[in-house]
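Listing of data-v2.tsv; format and content: TSV, C-alpha atoms.
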```tsv
chain	number	residue	atom	x	y	z
A	1	MET	CA	-18.54	2.48	-26.84
A	2	LYS	CA	-15.24	4.34	-26.51
A	3	ILE	CA	-12.43	3.21	-24.24
A	4	LEU	CA	-9.33	5.00	-22.98
A	5	VAL	CA	-6.44	2.53	-23.02
A	6	VAL	CA	-3.50	3.60	-20.86
A	7	SER	CA	-0.23	1.66	-20.87
A	8	SER	CA	3.04	2.32	-19.07
A	9	LYS	CA	4.78	1.55	-22.39
A	10	TYR	CA	3.32	1.19	-25.87
A	11	GLN	CA	4.65	0.48	-29.33
A	12	PRO	CA	7.01	1.49	-30.83
A	13	GLU	CA	8.57	1.20	-27.34
A	14	TYR	CA	8.33	-2.53	-26.83
A	15	SER	CA	6.75	-4.16	-23.82
A	16	GLY	CA	4.85	-7.42	-23.72
A	17	SER	CA	1.85	-5.86	-22.00
A	18	GLY	CA	1.81	-2.83	-24.32
A	19	LEU	CA	1.89	-5.03	-27.40
A	20	ARG	CA	-0.89	-7.25	-26.01
A	21	ALA	CA	-2.98	-4.16	-25.26
A	22	HIS	CA	-2.56	-3.00	-28.84
A	23	ASN	CA	-3.35	-6.36	-30.41
A	24	THR	CA	-6.32	-6.94	-28.12
A	25	TYR	CA	-8.00	-3.65	-28.94
A	26	ILE	CA	-7.29	-3.95	-32.65
A	27	ARG	CA	-9.22	-7.24	-32.53
A	28	LEU	CA	-12.02	-5.82	-30.36
A	29	LYS	CA	-12.38	-2.89	-32.72
A	30	LYS	CA	-12.69	-5.21	-35.69
A	31	LYS	CA	-15.03	-7.73	-34.03
A	32	PHE	CA	-17.25	-5.54	-31.88
A	33	ASN	CA	-16.74	-2.02	-33.25
A	34	LEU	CA	-15.20	-0.84	-29.99
A	35	LYS	CA	-13.46	2.49	-30.35
A	36	PHE	CA	-10.37	3.27	-28.34
A	37	VAL	CA	-7.77	5.97	-27.73
A	38	VAL	CA	-4.29	5.31	-26.33
A	39	LEU	CA	-2.29	7.22	-23.72
A	40	SER	CA	1.13	5.94	-22.78
A	41	ASN	CA	4.18	6.79	-20.74
A	42	SER	CA	7.75	5.94	-21.62
A	43	ILE	CA	11.19	5.13	-20.32
A	44	ILE	CA	13.28	5.49	-23.47
A	45	TYR	CA	11.51	8.48	-25.05
A	46	GLN	CA	11.56	11.98	-23.56
A	47	GLY	CA	8.92	14.67	-24.01
A	48	ASN	CA	5.20	14.60	-24.77
A	49	LYS	CA	4.38	13.60	-28.31
A	50	LYS	CA	1.57	12.34	-30.50
A	51	VAL	CA	2.65	9.35	-32.59
A	52	ASN	CA	0.88	6.93	-34.89
A	53	TYR	CA	1.47	3.21	-34.62
A	54	ASP	CA	-0.24	0.74	-36.90
A	55	GLY	CA	-2.94	3.29	-37.73
A	56	ILE	CA	-3.61	4.10	-34.07
A	57	ASP	CA	-2.94	7.55	-32.60
A	58	VAL	CA	-0.97	7.39	-29.38
A	59	TYR	CA	-0.49	10.35	-27.03
A	60	ARG	CA	2.71	9.83	-25.09
A	61	ILE	CA	3.23	11.66	-21.80
A	62	SER	CA	6.84	11.65	-20.69
A	63	PRO	CA	9.09	14.19	-18.92
A	64	PRO	CA	11.61	15.98	-21.20
A	65	PHE	CA	14.57	14.48	-19.37
A	66	LYS	CA	16.00	11.05	-18.60
A	67	ILE	CA	16.11	9.80	-15.02
A	68	SER	CA	19.29	7.98	-14.07
A	69	LYS	CA	19.04	4.64	-12.26
A	70	LYS	CA	21.90	5.66	-10.00
A	71	LYS	CA	20.61	6.86	-6.64
A	72	SER	CA	21.29	10.51	-5.87
A	73	PHE	CA	19.66	13.69	-4.62
A	74	ILE	CA	19.28	14.94	-8.20
A	75	ARG	CA	17.55	11.68	-9.17
A	76	ASN	CA	15.02	12.13	-6.38
A	77	ILE	CA	14.29	15.67	-7.55
A	78	LEU	CA	13.82	14.48	-11.15
A	79	ILE	CA	11.48	11.69	-10.00
A	80	LEU	CA	9.35	14.28	-8.20
A	81	ILE	CA	9.30	16.56	-11.24
A	82	GLY	CA	8.44	13.56	-13.41
A	83	LEU	CA	5.53	12.73	-11.11
A	84	ILE	CA	4.21	16.29	-11.38
A	85	TRP	CA	4.71	16.26	-15.17
A	86	GLU	CA	2.76	13.03	-15.67
A	87	VAL	CA	-0.11	14.01	-13.39
A	88	TYR	CA	-0.40	17.55	-14.77
A	89	PHE	CA	-0.51	16.57	-18.44
A	90	SER	CA	-2.78	13.61	-17.70
A	91	TRP	CA	-5.18	16.01	-16.00
A	92	MET	CA	-4.94	18.55	-18.83
A	93	TYR	CA	-5.88	15.79	-21.26
A	94	ILE	CA	-8.66	14.11	-19.34
A	95	LYS	CA	-10.47	17.18	-17.99
A	96	LYS	CA	-11.55	18.13	-21.53
A	97	ASN	CA	-12.06	14.55	-22.77
A	98	ILE	CA	-13.62	12.65	-19.86
A	99	ASN	CA	-17.12	12.74	-21.34
A	100	LYS	CA	-15.89	11.04	-24.51
A	101	PHE	CA	-14.99	7.82	-22.69
A	102	ASP	CA	-17.17	5.04	-21.35
A	103	LEU	CA	-14.40	3.05	-19.66
A	104	LEU	CA	-10.72	3.14	-18.61
A	105	HIS	CA	-8.45	0.12	-19.19
A	106	THR	CA	-4.92	0.29	-17.73
A	107	PHE	CA	-1.80	-1.84	-18.26
A	108	GLY	CA	1.19	-1.36	-15.96
A	109	ASN	CA	2.20	1.08	-13.23
A	110	THR	CA	2.79	4.81	-13.73
A	111	TRP	CA	1.64	8.05	-12.12
A	112	THR	CA	-0.58	8.64	-15.15
A	113	ILE	CA	-2.30	5.31	-14.55
A	114	GLY	CA	-2.74	6.02	-10.84
A	115	PHE	CA	-4.12	9.51	-11.42
A	116	LEU	CA	-6.54	8.48	-14.19
A	117	THR	CA	-7.77	5.54	-12.12
A	118	TRP	CA	-8.64	7.98	-9.34
A	119	TYR	CA	-10.19	10.48	-11.78
A	120	PHE	CA	-12.41	7.92	-13.54
A	121	SER	CA	-13.53	6.59	-10.16
A	122	LYS	CA	-14.37	10.12	-9.03
A	123	LYS	CA	-16.56	10.45	-12.13
A	124	ASN	CA	-18.05	7.01	-11.37
A	125	LYS	CA	-16.89	5.60	-14.70
A	126	PRO	CA	-15.94	1.91	-15.13
A	127	ILE	CA	-12.31	0.84	-14.74
A	128	ILE	CA	-10.41	-2.27	-15.78
A	129	ARG	CA	-6.95	-2.73	-14.28
A	130	GLU	CA	-4.78	-5.42	-15.84
A	131	LEU	CA	-2.06	-6.89	-13.65
A	132	CYS	CA	0.81	-7.55	-16.07
A	133	ASN	CA	3.83	-8.23	-13.85
A	134	ASP	CA	4.69	-10.30	-10.82
A	135	THR	CA	3.76	-8.19	-7.78
A	136	ASN	CA	2.72	-8.48	-4.15
A	137	ASN	CA	0.55	-5.39	-4.31
A	138	PRO	CA	-2.08	-4.95	-7.06
A	139	LEU	CA	-2.74	-1.29	-6.22
A	140	TYR	CA	-0.84	1.62	-7.68
A	141	PRO	CA	0.54	3.97	-6.59
A	142	ILE	CA	1.26	1.96	-3.46
A	143	GLN	CA	2.01	5.24	-1.65
A	144	PHE	CA	-1.71	6.05	-1.98
A	145	GLN	CA	-3.00	2.57	-1.28
A	146	ARG	CA	-5.63	3.80	1.19
A	147	TYR	CA	-7.25	5.83	-1.61
A	148	MET	CA	-6.89	3.18	-4.34
A	149	LYS	CA	-8.25	0.25	-2.36
A	150	PRO	CA	-11.88	1.50	-2.12
A	151	ILE	CA	-11.94	2.03	-5.91
A	152	PHE	CA	-11.66	-1.70	-6.58
A	153	LYS	CA	-14.47	-2.52	-4.17
A	154	LYS	CA	-16.96	-0.88	-6.54
A	155	ASN	CA	-19.26	-2.88	-8.80
A	156	ASN	CA	-18.10	-1.05	-11.92
A	157	THR	CA	-14.42	-1.98	-11.57
A	158	LEU	CA	-12.59	-5.14	-12.63
A	159	MET	CA	-9.09	-6.39	-11.96
A	160	ILE	CA	-7.63	-8.88	-14.45
A	161	ALA	CA	-5.17	-11.42	-13.06
A	162	ILE	CA	-3.18	-13.26	-15.72
A	163	SER	CA	-1.95	-15.92	-13.29
A	164	LYS	CA	-3.24	-17.79	-10.23
A	165	LYS	CA	-0.63	-16.01	-8.13
A	166	LEU	CA	-1.90	-12.58	-9.17
A	167	GLU	CA	-5.46	-13.70	-8.49
A	168	ILE	CA	-4.46	-14.62	-4.94
A	169	VAL	CA	-2.70	-11.25	-4.54
A	170	ALA	CA	-5.86	-9.41	-5.65
A	171	GLN	CA	-7.99	-11.49	-3.25
A	172	ASN	CA	-5.65	-10.62	-0.39
A	173	PHE	CA	-6.41	-6.93	-1.03
A	174	GLU	CA	-10.17	-7.58	-1.03
A	175	VAL	CA	-10.67	-6.66	-4.68
A	176	LYS	CA	-14.36	-7.17	-5.46
A	177	ASN	CA	-14.33	-8.26	-9.11
A	178	ILE	CA	-11.45	-10.41	-10.36
A	179	TRP	CA	-11.15	-12.10	-13.72
A	180	HIS	CA	-8.45	-14.75	-13.77
A	181	ARG	CA	-7.58	-15.54	-17.36
A	182	TYR	CA	-4.54	-16.26	-19.48
A	183	ASN	CA	-3.17	-13.76	-21.95
A	184	PRO	CA	-4.79	-14.19	-25.37
A	185	VAL	CA	-2.95	-16.23	-27.98
A	186	ASP	CA	-3.63	-15.39	-31.62
A	187	GLU	CA	-4.89	-18.61	-33.18
A	188	ASN	CA	-4.20	-17.20	-36.64
A	189	LYS	CA	-0.45	-17.16	-35.91
A	190	PHE	CA	0.12	-19.78	-33.26
A	191	PHE	CA	-0.86	-23.28	-34.37
A	192	ILE	CA	0.79	-26.60	-35.14
A	193	ASP	CA	2.72	-26.52	-38.41
A	194	TYR	CA	5.22	-29.35	-38.19
A	195	GLU	CA	5.54	-29.58	-41.98
A	196	LYS	CA	7.25	-26.18	-42.16
A	197	LYS	CA	9.60	-26.78	-39.23
A	198	PHE	CA	12.80	-27.23	-41.21
A	199	PHE	CA	11.82	-24.75	-43.91
A	200	LEU	CA	11.51	-22.11	-41.17
A	201	ARG	CA	14.72	-23.26	-39.51
A	202	ASN	CA	16.59	-22.84	-42.77
A	203	LYS	CA	14.98	-19.42	-43.30
A	204	LEU	CA	15.70	-18.05	-39.82
A	205	THR	CA	18.87	-19.75	-38.64
A	206	ARG	CA	22.14	-21.28	-39.81
A	207	PHE	CA	21.28	-24.60	-38.14
A	208	SER	CA	20.19	-27.80	-39.88
A	209	LYS	CA	17.53	-30.46	-39.42
A	210	ASN	CA	20.20	-32.68	-37.86
A	211	ASP	CA	20.57	-30.24	-34.99
A	212	ILE	CA	18.35	-30.10	-31.92
A	213	LEU	CA	17.30	-26.47	-31.74
A	214	LEU	CA	16.53	-24.72	-28.48
A	215	SER	CA	14.99	-21.26	-28.66
A	216	LEU	CA	14.59	-18.40	-26.21
A	217	VAL	CA	12.73	-15.35	-27.48
A	218	ALA	CA	12.62	-12.48	-24.97
A	219	ASN	CA	13.98	-9.05	-24.13
A	220	PHE	CA	17.69	-9.07	-23.44
A	221	ILE	CA	17.40	-8.24	-19.76
A	222	ASP	CA	18.73	-9.97	-16.66
A	223	ARG	CA	15.25	-11.13	-15.60
A	224	LYS	CA	14.88	-13.21	-18.76
A	225	ASN	CA	18.03	-15.11	-17.77
A	226	GLN	CA	19.66	-15.88	-21.13
A	227	LEU	CA	22.90	-16.49	-19.21
A	228	PHE	CA	21.36	-19.56	-17.59
A	229	ALA	CA	20.37	-20.94	-21.00
A	230	LEU	CA	24.05	-20.78	-22.01
A	231	ASP	CA	25.03	-22.79	-18.93
A	232	VAL	CA	22.51	-25.47	-19.92
A	233	LEU	CA	23.71	-25.54	-23.53
A	234	ASN	CA	27.30	-25.94	-22.36
A	235	ILE	CA	26.39	-29.23	-20.67
A	236	LEU	CA	24.50	-30.66	-23.65
A	237	PRO	CA	26.13	-32.50	-26.59
A	238	LYS	CA	27.31	-30.44	-29.58
A	239	LYS	CA	24.27	-31.31	-31.71
A	240	TYR	CA	22.22	-29.02	-29.46
A	241	LYS	CA	22.03	-25.44	-30.72
A	242	LEU	CA	20.49	-22.28	-29.28
A	243	ILE	CA	18.90	-19.22	-30.83
A	244	LEU	CA	18.44	-16.08	-28.71
A	245	VAL	CA	16.06	-13.50	-30.14
A	246	GLY	CA	14.59	-10.31	-28.73
A	247	PRO	CA	14.76	-6.52	-28.37
A	248	LEU	CA	17.89	-4.97	-26.93
A	249	LYS	CA	17.52	-1.55	-25.31
A	250	ASN	CA	20.43	0.80	-24.63
A	251	GLU	CA	20.08	0.43	-20.87
A	252	ASN	CA	20.64	-3.34	-21.17
A	253	GLU	CA	23.87	-3.20	-23.19
A	254	TYR	CA	25.90	-4.17	-20.11
A	255	TYR	CA	23.88	-7.36	-19.62
A	256	PHE	CA	24.14	-8.18	-23.34
A	257	GLU	CA	27.93	-7.82	-23.16
A	258	LYS	CA	27.92	-10.42	-20.36
A	259	ILE	CA	26.08	-12.79	-22.71
A	260	LEU	CA	28.64	-12.29	-25.48
A	261	LYS	CA	31.54	-12.76	-23.07
A	262	LYS	CA	30.03	-15.98	-21.73
A	263	ILE	CA	29.53	-17.35	-25.25
A	264	ASN	CA	33.20	-16.68	-25.99
A	265	TYR	CA	34.40	-18.07	-22.66
A	266	LEU	CA	32.42	-21.31	-23.08
A	267	LYS	CA	33.39	-21.49	-26.78
A	268	LEU	CA	29.76	-21.69	-27.89
A	269	ASN	CA	30.05	-19.31	-30.86
A	270	GLU	CA	29.24	-22.03	-33.40
A	271	ARG	CA	26.27	-23.26	-31.37
A	272	VAL	CA	24.54	-19.95	-30.57
A	273	GLN	CA	22.84	-17.51	-32.91
A	274	ILE	CA	21.63	-14.09	-31.72
A	275	HIS	CA	19.14	-11.73	-33.29
A	276	THR	CA	18.69	-8.43	-31.42
A	277	SER	CA	15.43	-6.84	-32.47
A	278	PHE	CA	11.71	-7.03	-31.96
A	279	VAL	CA	10.35	-9.73	-34.27
A	280	GLU	CA	6.84	-9.82	-35.71
A	281	ASN	CA	7.27	-13.47	-36.70
A	282	PHE	CA	7.75	-14.78	-33.15
A	283	ASP	CA	5.60	-17.78	-34.08
A	284	GLU	CA	8.06	-18.85	-36.80
A	285	TYR	CA	10.95	-18.99	-34.35
A	286	ILE	CA	8.89	-21.24	-32.09
A	287	LYS	CA	7.80	-23.50	-34.96
A	288	SER	CA	11.40	-23.90	-36.15
A	289	SER	CA	12.47	-25.18	-32.70
A	290	ASP	CA	12.50	-28.51	-30.94
A	291	ILE	CA	12.17	-27.04	-27.44
A	292	PHE	CA	11.37	-23.57	-26.12
A	293	LEU	CA	13.33	-22.40	-23.07
A	294	PHE	CA	11.84	-20.16	-20.39
A	295	PRO	CA	14.35	-19.60	-17.55
A	296	SER	CA	12.88	-16.23	-16.46
A	297	LYS	CA	13.49	-15.32	-12.84
A	298	ALA	CA	10.09	-13.62	-12.40
A	299	GLU	CA	6.96	-13.24	-14.56
A	300	GLY	CA	3.38	-12.12	-14.40
A	301	LEU	CA	2.47	-15.13	-16.55
A	302	GLY	CA	4.82	-16.04	-19.38
A	303	THR	CA	2.71	-15.90	-22.52
A	304	PRO	CA	5.37	-17.63	-24.70
A	305	LEU	CA	4.76	-20.77	-22.65
A	306	LEU	CA	1.19	-20.80	-23.94
A	307	GLU	CA	2.16	-19.84	-27.48
A	308	SER	CA	4.78	-22.59	-27.72
A	309	GLN	CA	2.47	-25.29	-26.43
A	310	VAL	CA	-0.28	-24.20	-28.82
A	311	CYS	CA	2.29	-24.68	-31.62
A	312	GLY	CA	2.96	-28.21	-30.36
A	313	VAL	CA	6.50	-27.29	-29.27
A	314	PRO	CA	7.36	-28.50	-25.74
A	315	VAL	CA	8.67	-26.04	-23.16
A	316	ILE	CA	10.99	-26.19	-20.19
A	317	SER	CA	10.47	-23.44	-17.65
A	318	ASN	CA	11.66	-22.11	-14.35
A	319	LEU	CA	9.26	-23.23	-11.64
A	320	ILE	CA	7.49	-20.07	-10.50
A	321	ARG	CA	4.78	-21.15	-8.05
A	322	ASN	CA	1.17	-20.46	-9.10
A	323	ILE	CA	2.40	-19.07	-12.42
A	324	THR	CA	4.38	-21.36	-14.71
A	325	ASP	CA	3.26	-24.55	-12.97
A	326	ASN	CA	-0.34	-23.57	-13.78
A	327	VAL	CA	0.25	-23.42	-17.54
A	328	ILE	CA	2.41	-26.53	-17.99
A	329	ILE	CA	1.31	-30.11	-17.33
A	330	ASP	CA	4.53	-32.02	-16.67
A	331	GLY	CA	5.16	-34.68	-19.27
A	332	LYS	CA	2.56	-33.33	-21.69
A	333	GLY	CA	3.50	-29.77	-22.60
A	334	GLY	CA	6.97	-29.88	-21.09
A	335	TYR	CA	8.31	-29.43	-17.56
A	336	CYS	CA	8.72	-26.86	-14.77
A	337	LEU	CA	12.00	-27.09	-12.88
A	338	GLU	CA	14.10	-25.19	-10.41
A	339	LEU	CA	16.99	-23.31	-12.02
A	340	ASN	CA	19.72	-25.94	-12.04
A	341	PRO	CA	21.67	-26.39	-15.31
A	342	ASP	CA	22.38	-30.10	-14.79
A	343	THR	CA	18.73	-30.88	-14.04
A	344	TRP	CA	17.60	-28.90	-17.08
A	345	ALA	CA	20.09	-30.66	-19.36
A	346	LYS	CA	18.87	-34.09	-18.23
A	347	LYS	CA	15.20	-33.12	-18.59
A	348	ILE	CA	15.71	-31.73	-22.10
A	349	SER	CA	16.59	-35.22	-23.37
A	350	ILE	CA	13.40	-36.53	-21.73
A	351	ILE	CA	11.27	-33.79	-23.28
A	352	LEU	CA	12.35	-34.91	-26.74
A	353	LYS	CA	10.73	-38.29	-26.04
A	354	ILE	CA	7.23	-36.84	-25.50
A	355	PRO	CA	5.13	-38.46	-28.26
A	356	THR	CA	3.79	-36.17	-30.98
A	357	TYR	CA	0.20	-37.21	-30.29
A	358	VAL	CA	0.61	-36.08	-26.66
A	359	LEU	CA	1.91	-32.67	-27.79
A	360	VAL	CA	-1.02	-32.36	-30.20
A	361	GLU	CA	-3.61	-33.19	-27.53
A	362	ASN	CA	-1.94	-30.79	-25.11
A	363	ALA	CA	-2.01	-28.06	-27.77
A	364	LYS	CA	-5.78	-28.51	-28.11
A	365	TYR	CA	-6.23	-28.33	-24.34
A	366	VAL	CA	-4.15	-25.14	-23.94
A	367	SER	CA	-5.86	-23.54	-26.96
A	368	SER	CA	-9.28	-24.05	-25.40
A	369	MET	CA	-8.30	-21.73	-22.53
A	370	CYS	CA	-6.34	-18.99	-24.21
A	371	THR	CA	-7.26	-18.40	-27.86
A	372	SER	CA	-8.00	-14.77	-28.66
A	373	LYS	CA	-11.40	-15.81	-30.05
A	374	PHE	CA	-12.49	-17.10	-26.63
A	375	ILE	CA	-10.90	-14.29	-24.57
A	376	ASP	CA	-12.18	-11.50	-26.86
A	377	SER	CA	-15.76	-12.73	-26.40
A	378	GLU	CA	-15.26	-12.71	-22.64
A	379	TYR	CA	-13.82	-9.18	-22.85
A	380	GLN	CA	-16.92	-7.99	-24.66
A	381	LYS	CA	-19.17	-9.50	-21.99
A	382	LYS	CA	-17.15	-8.00	-19.14
A	383	ILE	CA	-17.07	-4.56	-20.74
A	384	ASN	CA	-20.83	-4.60	-21.29
A	385	GLU	CA	-21.42	-5.68	-17.70
A	386	LEU	CA	-19.21	-2.93	-16.32
A	387	THR	CA	-20.73	-0.16	-18.42
A	388	ASN	CA	-24.23	-1.27	-17.49
A	389	ASN	CA	-23.39	-1.58	-13.82
A	390	GLU	CA	-24.06	1.04	-11.20
A	391	ASN	CA	-21.71	1.54	-8.32
```

Could I get this structure in the form of structure tokens?
Amino acid sequence: MKILVVSSKYQPEYSGSGLRAHNTYIRLKKKFNLKFVVLSNSIIYQGNKKVNYDGIDVYRISPPFKISKKKSFIRNILILIGLIWEVYFSWMYIKKNINKFDLLHTFGNTWTIGFLTWYFSKKNKPIIRELCNDTNNPLYPIQFQRYMKPIFKKNNTLMIAISKKLEIVAQNFEVKNIWHRYNPVDENKFFIDYEKKFFLRNKLTRFSKNDILLSLVANFIDRKNQLFALDVLNILPKKYKLILVGPLKNENEYYFEKILKKINYLKLNERVQIHTSFVENFDEYIKSSDIFLFPSKAEGLGTPLLESQVCGVPVISNLIRNITDNVIIDGKGGYCLELNPDTWAKKISIILKIPTYVLVENAKYVSSMCTSKFIDSEYQKKINELTNNEN
């Protein structure tokens, strides 16, 4: 069994979906001897290149120029050239390699993904499409929806919906095979470890065991809404502290500057710690915290909500219908609320009163649905069914 994994972004260019794709197939390779090859596109890197990440060869297809976000005639021309570039080099790669692959698995939305989806379907080869982000249309490219829609009515295709909302979206487009499941959580990293809480806090932060530590680990981008977390912290007593951790890309420097200015304006410098990089030890930041914050404006799922609860750390999240409210049981794993700083501040004091035994029982319940052990076994079954299925 050999699978072509295609992701819109892939390590070392960070994206949640790209990292999950990598970790998933590393596990599947180890457990079930599945072989895989990775193609990716990129936003921050220019030019085609073969790279190696964590022992895996990755072929990156990306135009040799950067496309500005500012609308202009030149930008439209570059987008068109970028489209041609991605499709041409994707075709050059796959036309000589198509017989090597038993299945295509895609993460994200790019012209490469759209073209290879069409090409694999033309060759009647199985396809898995993973919906990673909040969307109202599961087909891509949406400009060619009339050609993409019949592909996902075949028996040998599968669309993965990581939230109830995305499952409903896929159903609305008459997708034949849908697998609604949560993103896998690595049970070897994410588990209750209350005994090390303050050891980890001392290791990772400047805050003490007398503080109440709130954490928010995410990309520094507007959608993740770190600015809102600062508004909440400003209302809370001084014993509440906040740690903000996550990758910062060049294109998000302006947003990051807004965060720094707000910290200074609200005089929160002594109560906020920032770490701007991708962290491998995400689990340790969760375990060192009292509450995990998730004020994101939009999400495909919100895997940290699962990971935190599995660690026995309560969460407070923006209420995103059929997404976050499906992974949090109010009063047991935390709460889902509308984005109002005063309401969040009041609820945070209530969250701290959730008994430990309730958090432990909730952790067991969440684990039963999302551990990588369970989801990997289901992956293997689905892949076998697809490769043995005829259209």

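In this structure, CA of Leu131 in chain A sits 20.4 Å away from CA of Phe294 in chain A.
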
(request) Pick out the closest residue to Ser40 in chain A from this set: A:Thr106, A:Ile291, A:Asn97, A:Ile67. Count only C-alpha atoms. (result)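 The answer is A:Thr106, which sits nearest to Ser40 in chain A.
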
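Between Asn133 in chain A and the residues A:Gly331, A:Gly47, A:Gly312, A:Gly300, the shortest atom-to-atom distance, using only C-alpha atoms, involves A:Gly300.
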
(message) Using all atoms listed in the file for the distances, tell me which of A:Val358, A:Met369, A:Leu83, A:Leu242 is nearest to Val327 in chain A.
(response)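 Using all atoms listed in the file, Val327 in chain A sits closest to A:Met369.
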
(request) Between CA of Thr387 in chain A and CA of Phe101 in chain A, measure the distance and give it in Å to one decimal. (result)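 CA of Phe101 in chain A lies at a distance of 10.7 Å from CA of Thr387 in chain A.
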
(request) Would you please work out which residue, of A:Ile383, A:Leu200, A:Ile375, A:Ile328, is nearest to Leu34 in chain A when using all atoms listed in the file? (result)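 Answer, going by the shortest atom-to-atom distance: A:Ile383.
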
(request) Please indicate the distance in Å from CA of Lys164 in chain A to CA of Cys370 in chain A, rounded to one decimal place. (result) 14.4 Å

(request) Go through A:Leu359, A:Leu103, A:Leu244, A:Leu230 one by one, measure the shortest atom-to-atom distance of each to Lys332 in chain A using only C-alpha atoms, and give the residue with the smallest value. (result)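 When distances to Lys332 in chain A are compared using only C-alpha atoms, the smallest one comes from A:Leu359.
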
(request) Identify, on the basis of only C-alpha atoms, every residue whose closest approach to Ile263 in chain A does not exceed 10 Å; exclude the query and any residue fewer than 5 positions from it along the same chain; express the result as an NGL selection string. (result) :A and (227 or 230-231 or 234 or 257-258 or 268-272)

Using C-alpha atoms, can you write the selected residues to a file as a compact mmCIF listing (two decimals), keeping the file's coordinate frame?
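Dumped to selection32.txt:
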```txt
# COMPACT_ATOMS: atom_id res chain seq x y z
CA LEU A 227 22.90 -16.49 -19.21
CA LEU A 230 24.05 -20.78 -22.01
CA ASP A 231 25.03 -22.79 -18.93
CA ASN A 234 27.30 -25.94 -22.36
CA GLU A 257 27.93 -7.82 -23.16
CA LYS A 258 27.92 -10.42 -20.36
CA LEU A 268 29.76 -21.69 -27.89
CA ASN A 269 30.05 -19.31 -30.86
CA GLU A 270 29.24 -22.03 -33.40
CA ARG A 271 26.27 -23.26 -31.37
CA VAL A 272 24.54 -19.95 -30.57
```

(request) Please identify all polymer residues lying at most 9 Å from the point (19.7, -29.5, -24.6) (file coordinates), using all atoms listed in the file, and present the result as an MDAnalysis selection string. (result) chainID A and resid 212:214 232:237 239:242 291 344:349

(request) Counting only C-alpha atoms, figure out which residue out of A:Ser42, A:Thr157, A:Ser90, A:Asn99 gets nearest to Asn384 in chain A. (result) A:Thr157

Show which residues sit within 7 Å of Lys49 in chain A, as a PDB file with C-alpha atoms, in the coordinates of the input. Count all atoms listed in the file, and ignore same-chain residues fewer than 4 positions away.
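Final output, saved to result-v6.pdb:
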```pdb
ATOM      1  CA  TYR A  59      -0.490  10.350 -27.030  1.00  0.00           C
ATOM      2  CA  ARG A  60       2.710   9.830 -25.090  1.00  0.00           C
ATOM      3  CA  ILE A  61       3.230  11.660 -21.800  1.00  0.00           C
TER       4      ILE A  61
END
```
